[in-house]
Amino acid sequence: MGINGLLQQLKSISRQTHVSSYRGHKVAIDGYSWLHKGAYGCSRELCEGIWVDGYVRYFLSRIDMLLGNGVIPIVVFDGCRLPMKADEEESRRRNRREALERARAHAEAGNLTAATECYQRAVDIAPWMAKVVMEALREREVTCLVAPYEADAQMSYLALRNDVHAVLTEDSDMLAYGCPRVLYKLDRSGTGEEVVLKDLPLVRELNMAGFDHDMLLQMCILAGCDFLPNLAGVGIKKAHAMIRKHRDFVKVVRFLRFNGTSLPPGYEVRFQRTIWLFRHQRVYCPVTRALTHLRPLPPGGLAAADVLVLAALPTEGPERDALPFLGPPMEAEVAAGIAAGDLDPSTLQPFNLQAIYRGCAYPPRHLRALLLPPASATAAAAPALTATQGRASDGAGLSGSAGGGGGGSSSQSQGPHRNHHKHYNHHQFIMSQQPNNRHGRVPAVGKPPVPPNGRIDRYFFAPNPAVSQPFRAHAPPQRRGEAGRNGERVPGQQSPVGSRHGVHSNAG
DNA sequence: CGCTAGTCGTCAT
DNA sequence: CGACTAGCG
């Protein structure tokens with residue numbers, strides 16, 4: 001959804017922009033939008049658990065285009081699911097499942113065209129696919145970051161801190177989050193449409209005179225967003241008109257009720273929490289390596305300021321301080337493990353690289369040693385990729401595995417079958433809402449999860465680095481038949497990201 | 001006529 | 001997820 005119909009109203013302030021105008025700047029990229037597009041070309045394989053790297057090649061080609069224009073990409077992926085999104089996620093799952101059944105039926109009948117169409121509707125973008133892309137990006141020394149919750153909020157955080165100059169996405173939510181500069185609809189050549197938040201008063205489609213950010217935000221929510229569906233018959237225009245007239249949603253709701261409109265039960269509470277979610281959602285701070293808020297909570301807590309609907313604030317129980325609707329709190333170590341791409345955000349367990357790369361002929365160089373020996377548990381001396389050791393996949397060759405043997409994702413070929421372990425304790429009261437079980441797989445009672453140890457400072461970057469030195473343009477990406485294949489290196493692409501961020505410092 | 005609510009396409013050969 | 005369009009009010 002994003003914000004229903006918002007972008008159409010911003011045509012007058014959106015400017016055709018080429019990424020080369022960001023030369024030398026860091027730019028945050030919404031990883032899932034490229035992941036999603038890249039997955040269309042190989043949807044059947046992804047649905048059936050067959051190894052493919054088509055979506056990785058697509059992703060890398062986009063990254064190469066940015067690098068070729070001197071842009072420093074910071075790729076941001078979505079993390080854990082937010083409680084307020086649970087409803088819609090369930091219906092999407094159902095739709096995908098039905099599409100998959102139709103796809104298989106068509107394939108059985110020999111109708112490959114229809115099958116492909118259904119497969120494309122059935123593809124699910126799973127965290128392990130982001131992991132594969134992250135490992136490929138590691139070879140290019142491109143910085144990645146997995147948000148604790150929504151990538152949109154995380155990217156807005158980076159932009160508001162001036163860690164990145166702009167955000168590259170397809171999603172109109174960014175403006176509701178208050179992101180100052182967004183580039184939409186980027187094409188293969190590097191051209192997109194830039195929207196600058198400061199230009200908002202200049203919009204010709206809507207009269208935004210006298211609108212502050214709170215009013216803009218409430219207009220967006222009223223028009224319909226991911227966390228709160230719009231009221232029937234209310235789109236962006238009516239939302240604008242009503243906020244313009246009444247200035248806040250409580251007065252709008254009062255007016256609507258007075259007019260005889262009936263609203264869903266709990267609408268005001270949900271609305272208030274949605275406002276807070278856009279303003280204060282939990283994000284990851286790369287500096288403190290812990291959770292923080294997109295914007296600081298008011299001193300004294302949410303109750304102290306900005307409350308339009310008091311009932312939206314839990315007054316007792318564990319939720320009182322946890323404020324789980326902002327994204328349940330989590331230990332700094334867990335957040336850091338997720339952010340670094342070491343922990344699967346859907347299970348809070350380390351990724352099972354053996355399962356993910358099963359069927360991959362040419363895994364990234366830096367993973368080969370780790371992936372090769374299925375029998376010997378030599379992980380002790382192995383470097384950072386850490387806790388993944390010997391998460392035994394099949395009954396065969398159970399390896400000694402320090403700490404966490406509880407793994408059996410014994411199913412067949414792929415990562416798509418995530419392990420359903422028990423969650424970290426503090427997440428339970430929220431995460432357990434999610435019926436996390438697909439095919440009645442036995443969750444193999446696990447030992448306590450392996451904490452991500454030390455070395456998770458890869459992928460990170462310092463705050464407020466001077467974005468000054470210009471970049472040499474380098475040759476366009478290799479155009480050999482199998483360009484960008486796993487493990488091959490394209491010359492001239494070591495961006496200074498790694499070195500500056502102390503990440504994969506090229507040349508020690 | 002403006003506006004909202006559904007349907008289609010996203011890749012890449 | 002957005003773009004496009006039929007069809008509502």
# chains A, B, ... in the order shown; residues from 1 in each chain; ligands from 1
$ interface_residues --of "chain A" --to "chain B" --cutoff "7 Å" --atoms "only C-alpha atoms (C1' of nucleotides)" --output "VMD selection string"
chain A and resid 37 to 38 40 to 41 233 235
$ interface_residues --of "chain A" --to "chain C" --cutoff "8 Å" --atoms "only C-alpha atoms (C1' of nucleotides)" --output "CSV table (one decimal) with N, CA and C atoms, in the first residue's frame"
chain,number,residue,atom,x,y,z
A,1,MET,N,0.8,-1.2,0.0
A,1,MET,CA,0.0,0.0,0.0
A,1,MET,C,0.9,1.3,0.0
A,2,GLY,N,1.7,1.4,1.0
A,2,GLY,CA,2.3,2.7,1.1
A,2,GLY,C,1.2,3.7,1.6
A,33,SER,N,12.7,-3.9,-2.2
A,33,SER,CA,12.1,-3.5,-3.4
A,33,SER,C,12.9,-4.1,-4.6
A,170,GLU,N,10.7,2.5,-3.6
A,170,GLU,CA,9.5,2.7,-4.4
A,170,GLU,C,8.3,3.0,-3.5
A,171,ASP,N,8.6,3.2,-2.2
A,171,ASP,CA,7.5,3.2,-1.2
A,171,ASP,C,7.2,4.6,-0.7
$ atom_distance --atom1 "atom CA of A:Met134" --atom2 "atom CA of A:Tyr177"
25.4 Å
$ closest_residue --among "A:Leu370, A:Val133, A:Ile29, A:Cys80" --to "A:Gly327" --atoms "only C-alpha atoms"
A:Cys80
$ atom_distance --atom1 "atom CA of A:Asp226" --atom2 "atom CA of A:Ile338"
22.8 Å
$ select_by_dssp --residues "stretch 130-172 of chain A" --states "strand (DSSP E)" --output "JSON, numbers by chain"
{"A": [143, 144, 145, 146, 166, 167, 168]}
$ write_last_selection --atoms "C-alpha atoms" --output "short mmCIF file (atom, residue, chain, number, x, y, z; two decimals), in the first residue's frame"
data_model
loop_
_atom_site.label_atom_id
_atom_site.label_comp_id
_atom_site.auth_asym_id
_atom_site.auth_seq_id
_atom_site.Cartn_x
_atom_site.Cartn_y
_atom_site.Cartn_z
CA THR A 143 27.57 -1.76 3.40
CA CYS A 144 24.39 -3.56 4.42
CA LEU A 145 22.12 -3.22 7.39
CA VAL A 146 19.06 -5.15 8.49
CA ALA A 166 18.97 10.42 0.14
CA VAL A 167 16.83 7.30 0.21
CA LEU A 168 16.11 5.16 -2.78
#
$ residues_around --residues "A:Asn4" --least-positions-apart "4" --cutoff "7 Å" --atoms "only C-alpha atoms (C1' of nucleotides)" --output "PDB file with N, CA and C atoms, in the first residue's frame"
ATOM      1  N   ALA A 223      -5.642   8.584   4.706  1.00  0.00           N
ATOM      2  CA  ALA A 223      -5.791   8.122   3.325  1.00  0.00           C
ATOM      3  C   ALA A 223      -5.549   6.616   3.203  1.00  0.00           C
ATOM      4  N   GLY A 224      -4.999   6.026   4.244  1.00  0.00           N
ATOM      5  CA  GLY A 224      -4.768   4.581   4.223  1.00  0.00           C
ATOM      6  C   GLY A 224      -3.298   4.254   4.135  1.00  0.00           C
ATOM      7  N   CYS A 225      -2.829   3.449   5.073  1.00  0.00           N
ATOM      8  CA  CYS A 225      -1.418   3.048   5.065  1.00  0.00           C
ATOM      9  C   CYS A 225      -1.328   1.593   5.519  1.00  0.00           C
ATOM     10  N   ILE A 236      -6.993  10.184  -0.716  1.00  0.00           N
ATOM     11  CA  ILE A 236      -6.043  11.237  -0.377  1.00  0.00           C
ATOM     12  C   ILE A 236      -6.702  12.625  -0.390  1.00  0.00           C
TER      13      ILE A 236
END
$ decode --residues "stretch 144-159 of chain A" --atoms "all heavy atoms" --output "PDB file, in the first residue's frame"
ATOM      1  N   CYS A 144      25.774  -3.116   4.280  1.00  0.00           N
ATOM      2  CA  CYS A 144      24.389  -3.562   4.424  1.00  0.00           C
ATOM      3  C   CYS A 144      23.963  -3.410   5.872  1.00  0.00           C
ATOM      4  O   CYS A 144      24.792  -3.329   6.772  1.00  0.00           O
ATOM      5  CB  CYS A 144      24.230  -5.019   4.027  1.00  0.00           C
ATOM      6  SG  CYS A 144      24.552  -5.351   2.305  1.00  0.00           S
ATOM      7  N   LEU A 145      22.666  -3.387   6.051  1.00  0.00           N
ATOM      8  CA  LEU A 145      22.122  -3.219   7.387  1.00  0.00           C
ATOM      9  C   LEU A 145      20.719  -3.795   7.391  1.00  0.00           C
ATOM     10  O   LEU A 145      19.927  -3.495   6.501  1.00  0.00           O
ATOM     11  CB  LEU A 145      22.091  -1.727   7.733  1.00  0.00           C
ATOM     12  CG  LEU A 145      21.520  -1.309   9.071  1.00  0.00           C
ATOM     13  CD1 LEU A 145      22.360  -1.859  10.203  1.00  0.00           C
ATOM     14  CD2 LEU A 145      21.477   0.206   9.148  1.00  0.00           C
ATOM     15  N   VAL A 146      20.417  -4.643   8.357  1.00  0.00           N
ATOM     16  CA  VAL A 146      19.060  -5.153   8.485  1.00  0.00           C
ATOM     17  C   VAL A 146      18.377  -4.398   9.619  1.00  0.00           C
ATOM     18  O   VAL A 146      18.876  -4.384  10.745  1.00  0.00           O
ATOM     19  CB  VAL A 146      19.046  -6.662   8.766  1.00  0.00           C
ATOM     20  CG1 VAL A 146      17.610  -7.166   8.892  1.00  0.00           C
ATOM     21  CG2 VAL A 146      19.789  -7.414   7.674  1.00  0.00           C
ATOM     22  N   ALA A 147      17.255  -3.786   9.294  1.00  0.00           N
ATOM     23  CA  ALA A 147      16.520  -3.029  10.309  1.00  0.00           C
ATOM     24  C   ALA A 147      15.909  -3.993  11.321  1.00  0.00           C
ATOM     25  O   ALA A 147      15.605  -5.131  10.989  1.00  0.00           O
ATOM     26  CB  ALA A 147      15.409  -2.213   9.641  1.00  0.00           C
ATOM     27  N   PRO A 148      15.727  -3.556  12.554  1.00  0.00           N
ATOM     28  CA  PRO A 148      15.021  -4.417  13.504  1.00  0.00           C
ATOM     29  C   PRO A 148      13.574  -4.637  13.073  1.00  0.00           C
ATOM     30  O   PRO A 148      13.028  -5.718  13.268  1.00  0.00           O
ATOM     31  CB  PRO A 148      15.108  -3.642  14.816  1.00  0.00           C
ATOM     32  CG  PRO A 148      15.409  -2.234  14.430  1.00  0.00           C
ATOM     33  CD  PRO A 148      16.184  -2.304  13.154  1.00  0.00           C
ATOM     34  N   TYR A 149      12.976  -3.634  12.454  1.00  0.00           N
ATOM     35  CA  TYR A 149      11.603  -3.740  11.972  1.00  0.00           C
ATOM     36  C   TYR A 149      11.533  -3.249  10.529  1.00  0.00           C
ATOM     37  O   TYR A 149      12.036  -3.895   9.643  1.00  0.00           O
ATOM     38  CB  TYR A 149      10.636  -3.028  12.923  1.00  0.00           C
ATOM     39  CG  TYR A 149      10.645  -3.718  14.263  1.00  0.00           C
ATOM     40  CD1 TYR A 149      11.370  -3.205  15.351  1.00  0.00           C
ATOM     41  CD2 TYR A 149      10.018  -4.943  14.434  1.00  0.00           C
ATOM     42  CE1 TYR A 149      11.427  -3.889  16.561  1.00  0.00           C
ATOM     43  CE2 TYR A 149      10.075  -5.638  15.629  1.00  0.00           C
ATOM     44  CZ  TYR A 149      10.775  -5.104  16.689  1.00  0.00           C
ATOM     45  OH  TYR A 149      10.846  -5.799  17.868  1.00  0.00           O
ATOM     46  N   GLU A 150      10.942  -2.081  10.302  1.00  0.00           N
ATOM     47  CA  GLU A 150      10.754  -1.643   8.932  1.00  0.00           C
ATOM     48  C   GLU A 150      11.991  -0.945   8.374  1.00  0.00           C
ATOM     49  O   GLU A 150      12.561  -0.041   9.014  1.00  0.00           O
ATOM     50  CB  GLU A 150       9.576  -0.668   8.886  1.00  0.00           C
ATOM     51  CG  GLU A 150       8.274  -1.289   9.320  1.00  0.00           C
ATOM     52  CD  GLU A 150       7.355  -1.475   8.159  1.00  0.00           C
ATOM     53  OE1 GLU A 150       6.885  -0.465   7.627  1.00  0.00           O
ATOM     54  OE2 GLU A 150       7.101  -2.633   7.788  1.00  0.00           O
ATOM     55  N   ALA A 151      12.358  -1.334   7.175  1.00  0.00           N
ATOM     56  CA  ALA A 151      13.484  -0.663   6.517  1.00  0.00           C
ATOM     57  C   ALA A 151      13.185   0.815   6.302  1.00  0.00           C
ATOM     58  O   ALA A 151      14.082   1.657   6.397  1.00  0.00           O
ATOM     59  CB  ALA A 151      13.781  -1.349   5.180  1.00  0.00           C
ATOM     60  N   ASP A 152      11.933   1.133   6.032  1.00  0.00           N
ATOM     61  CA  ASP A 152      11.558   2.536   5.816  1.00  0.00           C
ATOM     62  C   ASP A 152      11.936   3.407   7.004  1.00  0.00           C
ATOM     63  O   ASP A 152      12.481   4.497   6.855  1.00  0.00           O
ATOM     64  CB  ASP A 152      10.050   2.658   5.600  1.00  0.00           C
ATOM     65  CG  ASP A 152       9.614   1.984   4.329  1.00  0.00           C
ATOM     66  OD1 ASP A 152      10.476   1.732   3.471  1.00  0.00           O
ATOM     67  OD2 ASP A 152       8.409   1.715   4.181  1.00  0.00           O
ATOM     68  N   ALA A 153      11.613   2.916   8.199  1.00  0.00           N
ATOM     69  CA  ALA A 153      11.919   3.672   9.403  1.00  0.00           C
ATOM     70  C   ALA A 153      13.431   3.765   9.594  1.00  0.00           C
ATOM     71  O   ALA A 153      13.961   4.828   9.945  1.00  0.00           O
ATOM     72  CB  ALA A 153      11.273   3.020  10.614  1.00  0.00           C
ATOM     73  N   GLN A 154      14.117   2.674   9.343  1.00  0.00           N
ATOM     74  CA  GLN A 154      15.568   2.662   9.504  1.00  0.00           C
ATOM     75  C   GLN A 154      16.239   3.630   8.544  1.00  0.00           C
ATOM     76  O   GLN A 154      17.137   4.379   8.917  1.00  0.00           O
ATOM     77  CB  GLN A 154      16.096   1.241   9.272  1.00  0.00           C
ATOM     78  CG  GLN A 154      17.584   1.088   9.517  1.00  0.00           C
ATOM     79  CD  GLN A 154      17.933   1.213  10.995  1.00  0.00           C
ATOM     80  OE1 GLN A 154      17.273   0.640  11.842  1.00  0.00           O
ATOM     81  NE2 GLN A 154      18.971   1.981  11.292  1.00  0.00           N
ATOM     82  N   MET A 155      15.782   3.626   7.311  1.00  0.00           N
ATOM     83  CA  MET A 155      16.372   4.533   6.319  1.00  0.00           C
ATOM     84  C   MET A 155      16.072   5.983   6.665  1.00  0.00           C
ATOM     85  O   MET A 155      16.920   6.863   6.480  1.00  0.00           O
ATOM     86  CB  MET A 155      15.841   4.191   4.923  1.00  0.00           C
ATOM     87  CG  MET A 155      16.291   2.828   4.436  1.00  0.00           C
ATOM     88  SD  MET A 155      15.904   2.524   2.701  1.00  0.00           S
ATOM     89  CE  MET A 155      14.121   2.508   2.724  1.00  0.00           C
ATOM     90  N   SER A 156      14.889   6.240   7.186  1.00  0.00           N
ATOM     91  CA  SER A 156      14.565   7.600   7.605  1.00  0.00           C
ATOM     92  C   SER A 156      15.471   8.037   8.742  1.00  0.00           C
ATOM     93  O   SER A 156      15.922   9.183   8.789  1.00  0.00           O
ATOM     94  CB  SER A 156      13.100   7.689   8.053  1.00  0.00           C
ATOM     95  OG  SER A 156      12.241   7.346   6.994  1.00  0.00           O
ATOM     96  N   TYR A 157      15.731   7.106   9.640  1.00  0.00           N
ATOM     97  CA  TYR A 157      16.653   7.391  10.749  1.00  0.00           C
ATOM     98  C   TYR A 157      18.025   7.790  10.213  1.00  0.00           C
ATOM     99  O   TYR A 157      18.606   8.799  10.627  1.00  0.00           O
ATOM    100  CB  TYR A 157      16.757   6.158  11.639  1.00  0.00           C
ATOM    101  CG  TYR A 157      17.693   6.273  12.811  1.00  0.00           C
ATOM    102  CD1 TYR A 157      17.396   7.096  13.891  1.00  0.00           C
ATOM    103  CD2 TYR A 157      18.880   5.555  12.836  1.00  0.00           C
ATOM    104  CE1 TYR A 157      18.257   7.189  14.974  1.00  0.00           C
ATOM    105  CE2 TYR A 157      19.742   5.646  13.916  1.00  0.00           C
ATOM    106  CZ  TYR A 157      19.431   6.464  14.977  1.00  0.00           C
ATOM    107  OH  TYR A 157      20.279   6.557  16.045  1.00  0.00           O
ATOM    108  N   LEU A 158      18.533   7.014   9.272  1.00  0.00           N
ATOM    109  CA  LEU A 158      19.837   7.333   8.694  1.00  0.00           C
ATOM    110  C   LEU A 158      19.810   8.694   8.007  1.00  0.00           C
ATOM    111  O   LEU A 158      20.759   9.474   8.109  1.00  0.00           O
ATOM    112  CB  LEU A 158      20.249   6.247   7.697  1.00  0.00           C
ATOM    113  CG  LEU A 158      20.433   4.841   8.265  1.00  0.00           C
ATOM    114  CD1 LEU A 158      20.820   3.868   7.153  1.00  0.00           C
ATOM    115  CD2 LEU A 158      21.473   4.826   9.375  1.00  0.00           C
ATOM    116  N   ALA A 159      18.714   8.967   7.320  1.00  0.00           N
ATOM    117  CA  ALA A 159      18.628  10.242   6.603  1.00  0.00           C
ATOM    118  C   ALA A 159      18.512  11.412   7.576  1.00  0.00           C
ATOM    119  O   ALA A 159      19.150  12.445   7.386  1.00  0.00           O
ATOM    120  CB  ALA A 159      17.431  10.219   5.654  1.00  0.00           C
TER     121      ALA A 159
END
